[in-house]
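Working notes for the structure below.
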Amino acid sequence: MQKGPSFEETWKVEFRRGVLQYAVLAIVKRHESGIHGYGIARELEQRTDGLLQVKEGTLYPILHRLRKERLLNVYDEKSDSGPSRKVYVLTGEGDRVYRQLTVLVGNVFEKLEVLGND
Amino acid sequence: MIDSETERIIEDYIKKTSRLLPDSFAAEDLIADLRSHIYEALTEKIRNNPTESQVSLIQDVLNGVGTPEDIAEEYELEQIVESEQSTNNDRFQYYVIRLVAAFVVAVLAAWVVSTITNGAVDFYFAVIVLMAFAVIEWFVRAKQIGES
């Protein structure tokens, strides 16, 4: 009988999905003048040491969702390497949501650490 | 300069991804973004490995980007979250409209009954009774069609 993914693997996938949207907002927030999708993927890989193991293409549905939620704005920019690319910037609402999530994430990890140390 | 064989691999990948996504402006937008991502990643790889074959480099790039199925799966998940939210909003709106409509009908019916009977049936009493009937009918119908 073929075994499905382990509990640990499934948990990692769910956890990664949850934090990815936050991580994308955090990266866009660092670039006031905006950042393109490729730049987000690079920065995500470098700043998290590949911890989130993101397939770069799967970032685009997330960026699309954040745009629909009006957390990100987008404008076109000419690219040297080929077709024009989209540059993402945080909206006022995106900034508010990001700050709110940062507080929440901080609290969650603080409490979890206490829980683990007891 | 990107060679024609590499261009063909990119276009095949893009076509396969497009086929898995819905036919919409949003999906077209995503595909355009994905295409510029691939070109950018490839250009950087060519710059860093000028002696390596482009066909091998594009395979590396596409491995990093993920399969068209990976992208379609993520797209679908994001759509599901959105549609669940909109379904809840639609349902709330539906119940409010239905309640308002029931109230308007009850008021009109109570006014007609009260007028016809020259006030023998009290208008406010009629409104309350008719609203009670409307709510009972709502519950009975919901039970019949298996709504909760």
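Order determines the names: the first chain of the structure tokens is A, the second B, and so forth; residues in each chain are numbered 1 upward, and ligands are numbered 1 upward as they are shown.
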Which neighbours of Met131 (chain B) fall inside 8 Å, counting only C-alpha atoms, when residues of the same chain fewer than 2 positions from it are skipped, and could you give them as a PyMOL selection string?
chain B and resi 102-103+106+127-129+133-135
Residues from the last selection, C-alpha atoms, saved as a PDB file, in the first residue's frame:
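selection05.pdb, written as the output of this step:
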```
ATOM      1  CA  ALA B 102     -41.296  39.411   3.569  1.00  0.00           C
ATOM      2  CA  PHE B 103     -41.803  42.501   5.744  1.00  0.00           C
ATOM      3  CA  ALA B 106     -46.749  41.562   5.294  1.00  0.00           C
ATOM      4  CA  VAL B 127     -48.496  42.582  10.380  1.00  0.00           C
ATOM      5  CA  ILE B 128     -47.260  40.486  13.321  1.00  0.00           C
ATOM      6  CA  VAL B 129     -49.384  37.458  12.363  1.00  0.00           C
ATOM      7  CA  PHE B 133     -46.470  32.974   9.032  1.00  0.00           C
ATOM      8  CA  ALA B 134     -43.644  34.105   6.746  1.00  0.00           C
ATOM      9  CA  VAL B 135     -41.000  32.932   9.252  1.00  0.00           C
TER      10      VAL B 135
END
```
Contact check, chain B to chain A, at most 8 Å, counting only C-alpha atoms, closest pairs as a Markdown table:
```
| residue | atom | partner | partner_atom | distance |
| --- | --- | --- | --- | --- |
| B:Ala26 | CA | A:His64 | CA | 7.6 |
| B:Leu30 | CA | A:Tyr60 | CA | 6.3 |
| B:Ala32 | CA | A:Arg85 | CA | 7.9 |
| B:Asp33 | CA | A:Arg85 | CA | 6.2 |
| B:Leu34 | CA | A:Gly57 | CA | 6.6 |
| B:Arg35 | CA | A:Pro83 | CA | 7.5 |
| B:Ser36 | CA | A:Pro83 | CA | 5.5 |
| B:His37 | CA | A:Tyr38 | CA | 5.3 |
| B:Tyr39 | CA | A:Ser81 | CA | 6.1 |
| B:Glu40 | CA | A:Ser81 | CA | 5.5 |
| B:Ala41 | CA | A:Tyr38 | CA | 7.3 |
| B:Thr43 | CA | A:Ser81 | CA | 6.2 |
| B:Gly64 | CA | A:Lys55 | CA | 5.7 |
| B:Val65 | CA | A:Glu56 | CA | 4.4 |
| B:Gly66 | CA | A:Lys55 | CA | 5.0 |
| B:Asp70 | CA | A:Thr58 | CA | 6.7 |
| B:Ile71 | CA | A:Thr58 | CA | 4.9 |
| B:Glu74 | CA | A:Thr58 | CA | 6.0 |
| B:Tyr75 | CA | A:Pro61 | CA | 4.9 |
| B:Glu78 | CA | A:Arg65 | CA | 6.5 |
| B:Gln79 | CA | A:Arg65 | CA | 8.0 |
```
Taking only C-alpha atoms into account, name the residue in A:Asn117, A:Ser33, A:Ser6, A:Gln46 that is nearest to Leu90 (chain A).
A:Ser33
Determine, counting only C-alpha atoms, which protein, DNA and RNA residues have an atom within 12 Å of an atom of Arg30 (chain A); residues of the same chain fewer than 5 positions away are not included. Present the result as a list in words.
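After dropping sequence-adjacent residues, the list is Ala23, Val24, Leu25, Ile35, Gly39, Ile40, Glu43, Leu44, Tyr88, Val89, Leu90, Asp95 and Tyr98 of chain A.
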Enumerate the residues of region 45-129 of chain B with a DSSP assignment of helix (DSSP H, G or I), computed from the backbone, and present them as a VMD selection string.
chain B and resid 45 to 48 54 to 65 68 to 116 123 to 129
Nearest to Glu32 (chain A): which of A:Gly18, A:Gly92, A:Gly4, A:Gly50 is it, counting only C-alpha atoms?
A:Gly92
Determine which residues of region 17-118 of chain A receive a DSSP assignment of strand (DSSP E), computed from the backbone, and state them as a PyMOL selection string.
chain A and resi 35-36+72-77+85-90
